[in-house]
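The structure appears below as structure tokens.
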Amino acid sequence: MARDPYLELGVSRGASAAEIRKAFHKLAKQHHPDTNPGNKAAEEKFKLVSAAFDILGDVEKRKKFDAGEIDADGRETMRGFSGGPGGSPFGGAQRSAAFDGVDLSDLFGDILGRGRSGGFNGGGFPPRGSDVRAKVEIELEDAIHGGKKRISFSDGRTIDMSIPRGAEDGQSLRLKGQGSPGRAGPGDAIIELIIKPHPTFRREGEGLVMDLPVSIPDAVLGGKVQAPTPDGTVTLTVPKGANSGQALRLKGKGLSDAAGKRGDLIARLVLVLPETPDEDLLAFAETWRARRPYTPRKR
């Protein structure tokens, strides 16, 4: 049986909601099983402060407790009823007139722990804490390879969440026991993954695409260029006579699926002129244009 929730949290009966919440966060952080592995006393204390906050952190439950309508375990108190036949407090002529016209099945449901959805909660066991939801941004590389992400909760707890290989944008992960506290234990945390925009790579459909700048000499003559990938820099061969928009495929350097199989990365060539005008290039262009006029728009 739980103690007086005010004593459990170390607050006065006139404490504000903010004071109650602050006291709970401090005690929950101090006694949480994650920070006290194998410590049964700390685990029991965490359960007690969670049960106390379940009462005092709920405005209606707190009013009922202060009025003596529920006890420290959240059970409704019943006073002044004598038992009827078979030990029932509502048997035969012994039933109080105050219950005339009352649906006793609903009353029993409340006494035995009817859940919020209307059904019985585990045959009278106290409810589990509610789930909490949050969104977490991750890097594209972590979505491809998998990784770890540290998450901080409002009560001061931090955990390292595992990001699965091949994670999808908008995918939800369930972290057991990391939700709101309850008398039967905490709920879960449901984390939605958001993949941050990448400065180099972008997703198009199921594929990964990037723009790859190349110089005029490399486009005209062909050559070897350095190309970034999610796995690091690789050497890519630009074919002779390449044009802007031409796509080169880098096999196995794209996105991962849930099984870890990698797709391809598509590099679209972008021809780039020097930032500073090159006199030799200008002279060649003038000569070439006068000798062999070329209008690509006709293509």
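In the structure tokens, chains take the letters A, B, ... in the order shown, each chain's residues start at 1, and ligands count up from 1 in the order shown.
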Q | Contacts of Gly252 in chain A at 12 Å (only C-alpha atoms; same-chain gap of 5+ positions) as number ranges by chain | A | A: 144, 207-208, 229-231, 257, 260-266
Please, could you write that set of residues out with N, CA and C atoms as a PDB file, in the first residue's frame?
```
ATOM      1  N   ILE A 144      21.269   5.647 -43.057  1.00  0.00           N
ATOM      2  CA  ILE A 144      21.806   4.633 -43.967  1.00  0.00           C
ATOM      3  C   ILE A 144      22.534   3.531 -43.193  1.00  0.00           C
ATOM      4  N   GLY A 207      15.607   6.564 -54.652  1.00  0.00           N
ATOM      5  CA  GLY A 207      17.038   6.674 -54.926  1.00  0.00           C
ATOM      6  C   GLY A 207      17.672   7.876 -54.276  1.00  0.00           C
ATOM      7  N   LEU A 208      19.000   7.882 -54.274  1.00  0.00           N
ATOM      8  CA  LEU A 208      19.793   8.979 -53.726  1.00  0.00           C
ATOM      9  C   LEU A 208      20.534   9.650 -54.877  1.00  0.00           C
ATOM     10  N   THR A 229      30.521  10.540 -51.255  1.00  0.00           N
ATOM     11  CA  THR A 229      29.446   9.562 -51.057  1.00  0.00           C
ATOM     12  C   THR A 229      29.157   9.506 -49.556  1.00  0.00           C
ATOM     13  N   PRO A 230      28.038   8.900 -49.137  1.00  0.00           N
ATOM     14  CA  PRO A 230      27.772   8.758 -47.700  1.00  0.00           C
ATOM     15  C   PRO A 230      28.808   7.911 -46.974  1.00  0.00           C
ATOM     16  N   ASP A 231      29.648   7.176 -47.727  1.00  0.00           N
ATOM     17  CA  ASP A 231      30.689   6.336 -47.129  1.00  0.00           C
ATOM     18  C   ASP A 231      32.063   6.982 -47.191  1.00  0.00           C
ATOM     19  N   ASP A 257      18.024  -0.417 -47.266  1.00  0.00           N
ATOM     20  CA  ASP A 257      16.690  -0.869 -46.868  1.00  0.00           C
ATOM     21  C   ASP A 257      16.786  -1.485 -45.478  1.00  0.00           C
ATOM     22  N   GLY A 260      19.471  -3.866 -44.802  1.00  0.00           N
ATOM     23  CA  GLY A 260      20.836  -3.391 -44.949  1.00  0.00           C
ATOM     24  C   GLY A 260      21.349  -3.381 -46.372  1.00  0.00           C
ATOM     25  N   LYS A 261      20.517  -3.793 -47.350  1.00  0.00           N
ATOM     26  CA  LYS A 261      20.938  -3.797 -48.749  1.00  0.00           C
ATOM     27  C   LYS A 261      20.988  -2.368 -49.269  1.00  0.00           C
ATOM     28  N   ARG A 262      22.096  -2.018 -49.929  1.00  0.00           N
ATOM     29  CA  ARG A 262      22.300  -0.649 -50.399  1.00  0.00           C
ATOM     30  C   ARG A 262      21.852  -0.482 -51.845  1.00  0.00           C
ATOM     31  N   GLY A 263      21.205   0.662 -52.098  1.00  0.00           N
ATOM     32  CA  GLY A 263      20.888   1.053 -53.459  1.00  0.00           C
ATOM     33  C   GLY A 263      22.056   1.826 -54.058  1.00  0.00           C
ATOM     34  N   ASP A 264      21.813   2.495 -55.199  1.00  0.00           N
ATOM     35  CA  ASP A 264      22.870   3.218 -55.898  1.00  0.00           C
ATOM     36  C   ASP A 264      22.753   4.718 -55.663  1.00  0.00           C
ATOM     37  N   LEU A 265      23.859   5.399 -55.854  1.00  0.00           N
ATOM     38  CA  LEU A 265      23.918   6.860 -55.808  1.00  0.00           C
ATOM     39  C   LEU A 265      24.082   7.362 -57.238  1.00  0.00           C
ATOM     40  N   ILE A 266      23.218   8.290 -57.647  1.00  0.00           N
ATOM     41  CA  ILE A 266      23.275   8.859 -58.986  1.00  0.00           C
ATOM     42  C   ILE A 266      23.953  10.225 -58.916  1.00  0.00           C
TER      43      ILE A 266
END
```
**Prompt:** Out of range 194-298 of chain A, which residues get strand (DSSP E or B) from DSSP, as a count of residues only?
**Reply:** 37
Of A:Ile55, A:Leu281, A:Ile138, A:Ile151, the one sitting nearest Pro164 in chain A when using only C-alpha atoms is A:Ile138
For Ser152 in chain A, the closest of A:Val209, A:Arg165, A:Gly57, A:Lys29 counting only C-alpha atoms is A:Lys29
**Message:** When you count only C-alpha atoms, which of these residues is closest to Gly232 in chain A: A:Gly205, A:Pro186, A:Gly38, A:Gly254?
**Reply:**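 Closest candidate: A:Gly254.
If you count only C-alpha atoms and ignore residues fewer than 2 places along the chain from Phe201 in chain A, what sits within 12 Å of it is Glu139, Leu140, Glu141, Ile195, Lys196, Pro197, His198, Pro199, Arg203, Glu204, Gly207, Leu208, Val209, Met210, Asp211, Leu212, Ala227, Pro228, Thr229, Pro230, Lys253, Gly254, Leu255, Leu265, Ile266, Ala267 and Arg268 of chain A.
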Those same residues - N, CA and C atoms - I'd like them written as a PDB file, in the first residue's frame.
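The new file again-v9.pdb reads:
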```
ATOM      1  N   GLU A 139      20.859  12.384 -38.823  1.00  0.00           N
ATOM      2  CA  GLU A 139      21.626  12.631 -40.051  1.00  0.00           C
ATOM      3  C   GLU A 139      21.310  11.550 -41.088  1.00  0.00           C
ATOM      4  N   LEU A 140      21.452  11.906 -42.370  1.00  0.00           N
ATOM      5  CA  LEU A 140      21.231  10.941 -43.449  1.00  0.00           C
ATOM      6  C   LEU A 140      22.156   9.743 -43.307  1.00  0.00           C
ATOM      7  N   GLU A 141      23.409   9.991 -42.925  1.00  0.00           N
ATOM      8  CA  GLU A 141      24.370   8.895 -42.786  1.00  0.00           C
ATOM      9  C   GLU A 141      23.926   7.902 -41.712  1.00  0.00           C
ATOM     10  N   ILE A 195      14.645  12.776 -40.897  1.00  0.00           N
ATOM     11  CA  ILE A 195      15.973  12.835 -41.518  1.00  0.00           C
ATOM     12  C   ILE A 195      16.238  14.270 -41.975  1.00  0.00           C
ATOM     13  N   LYS A 196      17.301  14.858 -41.463  1.00  0.00           N
ATOM     14  CA  LYS A 196      17.622  16.246 -41.787  1.00  0.00           C
ATOM     15  C   LYS A 196      18.050  16.375 -43.255  1.00  0.00           C
ATOM     16  N   PRO A 197      17.732  17.514 -43.892  1.00  0.00           N
ATOM     17  CA  PRO A 197      18.206  17.747 -45.262  1.00  0.00           C
ATOM     18  C   PRO A 197      19.735  17.727 -45.300  1.00  0.00           C
ATOM     19  N   HIS A 198      20.284  17.125 -46.365  1.00  0.00           N
ATOM     20  CA  HIS A 198      21.736  17.012 -46.502  1.00  0.00           C
ATOM     21  C   HIS A 198      22.239  18.046 -47.498  1.00  0.00           C
ATOM     22  N   PRO A 199      23.398  18.652 -47.254  1.00  0.00           N
ATOM     23  CA  PRO A 199      23.900  19.686 -48.169  1.00  0.00           C
ATOM     24  C   PRO A 199      24.329  19.148 -49.533  1.00  0.00           C
ATOM     25  N   ARG A 203      17.076  12.852 -51.729  1.00  0.00           N
ATOM     26  CA  ARG A 203      16.325  11.653 -52.088  1.00  0.00           C
ATOM     27  C   ARG A 203      15.330  11.986 -53.188  1.00  0.00           C
ATOM     28  N   GLU A 204      15.319  11.168 -54.226  1.00  0.00           N
ATOM     29  CA  GLU A 204      14.342  11.288 -55.300  1.00  0.00           C
ATOM     30  C   GLU A 204      13.699   9.919 -55.476  1.00  0.00           C
ATOM     31  N   GLY A 207      15.607   6.564 -54.652  1.00  0.00           N
ATOM     32  CA  GLY A 207      17.038   6.674 -54.926  1.00  0.00           C
ATOM     33  C   GLY A 207      17.672   7.876 -54.276  1.00  0.00           C
ATOM     34  N   LEU A 208      19.000   7.882 -54.274  1.00  0.00           N
ATOM     35  CA  LEU A 208      19.793   8.979 -53.726  1.00  0.00           C
ATOM     36  C   LEU A 208      20.534   9.650 -54.877  1.00  0.00           C
ATOM     37  N   VAL A 209      20.459  10.988 -54.923  1.00  0.00           N
ATOM     38  CA  VAL A 209      20.987  11.751 -56.056  1.00  0.00           C
ATOM     39  C   VAL A 209      21.864  12.880 -55.535  1.00  0.00           C
ATOM     40  N   MET A 210      22.872  13.253 -56.333  1.00  0.00           N
ATOM     41  CA  MET A 210      23.680  14.438 -56.014  1.00  0.00           C
ATOM     42  C   MET A 210      24.110  15.113 -57.308  1.00  0.00           C
ATOM     43  N   ASP A 211      24.428  16.393 -57.222  1.00  0.00           N
ATOM     44  CA  ASP A 211      25.033  17.128 -58.337  1.00  0.00           C
ATOM     45  C   ASP A 211      26.549  17.079 -58.174  1.00  0.00           C
ATOM     46  N   LEU A 212      27.260  16.755 -59.273  1.00  0.00           N
ATOM     47  CA  LEU A 212      28.722  16.653 -59.226  1.00  0.00           C
ATOM     48  C   LEU A 212      29.338  17.679 -60.168  1.00  0.00           C
ATOM     49  N   ALA A 227      34.663  12.266 -55.936  1.00  0.00           N
ATOM     50  CA  ALA A 227      33.218  12.399 -55.729  1.00  0.00           C
ATOM     51  C   ALA A 227      32.855  12.002 -54.299  1.00  0.00           C
ATOM     52  N   PRO A 228      32.063  12.815 -53.605  1.00  0.00           N
ATOM     53  CA  PRO A 228      31.644  12.461 -52.249  1.00  0.00           C
ATOM     54  C   PRO A 228      30.552  11.392 -52.280  1.00  0.00           C
ATOM     55  N   THR A 229      30.521  10.540 -51.255  1.00  0.00           N
ATOM     56  CA  THR A 229      29.446   9.562 -51.057  1.00  0.00           C
ATOM     57  C   THR A 229      29.157   9.506 -49.556  1.00  0.00           C
ATOM     58  N   PRO A 230      28.038   8.900 -49.137  1.00  0.00           N
ATOM     59  CA  PRO A 230      27.772   8.758 -47.700  1.00  0.00           C
ATOM     60  C   PRO A 230      28.808   7.911 -46.974  1.00  0.00           C
ATOM     61  N   LYS A 253      26.217   2.773 -53.222  1.00  0.00           N
ATOM     62  CA  LYS A 253      26.551   3.943 -52.419  1.00  0.00           C
ATOM     63  C   LYS A 253      25.315   4.770 -52.056  1.00  0.00           C
ATOM     64  N   GLY A 254      24.120   4.193 -52.272  1.00  0.00           N
ATOM     65  CA  GLY A 254      22.898   4.937 -52.007  1.00  0.00           C
ATOM     66  C   GLY A 254      22.276   4.590 -50.668  1.00  0.00           C
ATOM     67  N   LEU A 255      20.944   4.595 -50.624  1.00  0.00           N
ATOM     68  CA  LEU A 255      20.190   4.352 -49.403  1.00  0.00           C
ATOM     69  C   LEU A 255      20.186   2.869 -49.041  1.00  0.00           C
ATOM     70  N   LEU A 265      23.859   5.399 -55.854  1.00  0.00           N
ATOM     71  CA  LEU A 265      23.918   6.860 -55.808  1.00  0.00           C
ATOM     72  C   LEU A 265      24.082   7.362 -57.238  1.00  0.00           C
ATOM     73  N   ILE A 266      23.218   8.290 -57.647  1.00  0.00           N
ATOM     74  CA  ILE A 266      23.275   8.859 -58.986  1.00  0.00           C
ATOM     75  C   ILE A 266      23.953  10.225 -58.916  1.00  0.00           C
ATOM     76  N   ALA A 267      25.055  10.377 -59.682  1.00  0.00           N
ATOM     77  CA  ALA A 267      25.773  11.649 -59.753  1.00  0.00           C
ATOM     78  C   ALA A 267      25.419  12.327 -61.072  1.00  0.00           C
ATOM     79  N   ARG A 268      24.781  13.492 -61.001  1.00  0.00           N
ATOM     80  CA  ARG A 268      24.441  14.264 -62.198  1.00  0.00           C
ATOM     81  C   ARG A 268      25.510  15.323 -62.417  1.00  0.00           C
TER      82      ARG A 268
END
```
Query - Interatomic distance (Å, one decimal) between CA of Ala67 in chain A and CA of Gly14 in chain A - result: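 According to the coordinates, CA of Ala67 in chain A and CA of Gly14 in chain A are separated by 13.7 Å.
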Near Arg62 in chain A, within 12 Å and counting only C-alpha atoms, which residues show up once chain neighbours fewer than 5 positions away are dropped, as a list in words?
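After dropping sequence-adjacent residues, the list is Asp4, Pro5, Tyr6, Arg13, Gly14, Ala15, Ser16, Ala17, Ile20, Ala52, Phe53, Asp54, Ile55, Leu56, Gly57, Ala67, Gly68, Glu69, Ile70, Asp71, Ala72, Asp73 and Gly74 of chain A.
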Quick one: everything within 12 Å of range 153-155 of chain A, counting only C-alpha atoms, minus sequence neighbours fewer than 5 positions away in the same chain. Send it as a ChimeraX atom specification. /A:21-30,32,132-134,136,160,178-181,189,191
Quick one: residues within 7 Å of Lys135 in chain A, only C-alpha atoms, excluding same-chain residues fewer than 6 positions away - as a PyMOL selection string? chain A and resi 191-194
#### Entry: All residues 12 Å or closer to Leu269 in chain A, only C-alpha atoms, same chain fewer than 6 positions away omitted, as an MDAnalysis selection string
chainID A and resid 209:216 218:219 225 227 236:239 241:249
Selection file, C-alpha atoms, as an mmCIF file, in the first residue's frame:
```cif
data_model
loop_
_atom_site.group_PDB
_atom_site.id
_atom_site.type_symbol
_atom_site.label_atom_id
_atom_site.label_comp_id
_atom_site.auth_asym_id
_atom_site.auth_seq_id
_atom_site.Cartn_x
_atom_site.Cartn_y
_atom_site.Cartn_z
ATOM 1 C CA VAL A 209 20.987 11.751 -56.056
ATOM 2 C CA MET A 210 23.680 14.438 -56.014
ATOM 3 C CA ASP A 211 25.033 17.128 -58.337
ATOM 4 C CA LEU A 212 28.722 16.653 -59.226
ATOM 5 C CA PRO A 213 30.566 19.752 -60.510
ATOM 6 C CA VAL A 214 33.140 19.056 -63.244
ATOM 7 C CA SER A 215 35.508 21.339 -65.141
ATOM 8 C CA ILE A 216 35.349 22.011 -68.868
ATOM 9 C CA ASP A 218 37.385 17.046 -67.663
ATOM 10 C CA ALA A 219 34.073 17.161 -69.529
ATOM 11 C CA VAL A 225 37.458 13.282 -60.385
ATOM 12 C CA ALA A 227 33.218 12.399 -55.729
ATOM 13 C CA LEU A 236 34.871 8.602 -60.406
ATOM 14 C CA THR A 237 35.629 8.424 -64.123
ATOM 15 C CA VAL A 238 34.047 11.173 -66.235
ATOM 16 C CA PRO A 239 33.651 9.978 -69.836
ATOM 17 C CA GLY A 241 32.607 14.518 -74.124
ATOM 18 C CA ALA A 242 30.370 14.512 -71.019
ATOM 19 C CA ASN A 243 27.533 17.045 -70.787
ATOM 20 C CA SER A 244 25.712 18.743 -67.909
ATOM 21 C CA GLY A 245 22.849 16.602 -66.699
ATOM 22 C CA GLN A 246 24.524 13.335 -67.673
ATOM 23 C CA ALA A 247 24.030 10.752 -64.905
ATOM 24 C CA LEU A 248 26.753 8.467 -63.593
ATOM 25 C CA ARG A 249 25.851 5.571 -61.297
#
```
Worksheet item: At what distance in Å, to one decimal, does CA of Gly10 in chain A lie from CA of Gly156 in chain A?
Response: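 Pair CA of Gly156 in chain A / CA of Gly10 in chain A returns 18.9 Å.
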Checklist line | Every residue of range 212-278 of chain A that DSSP places in alpha helix (DSSP H), as a list of chain:residue names | finding: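 The residues of range 212-278 of chain A classed as alpha helix (DSSP H) are A:Ile216, A:Pro217, A:Asp218, A:Ala219, A:Val220, A:Leu221.
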For Arg3 in chain A, which residue out of A:Ala51, A:Ala41, A:Thr35, A:Lys240 is the nearest one, using only C-alpha atoms?
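Counting only C-alpha atoms, the residue closest to Arg3 in chain A is A:Ala51.
Separating CA of Asp131 in chain A from CA of Leu7 in chain A is a distance of 26.7 Å.
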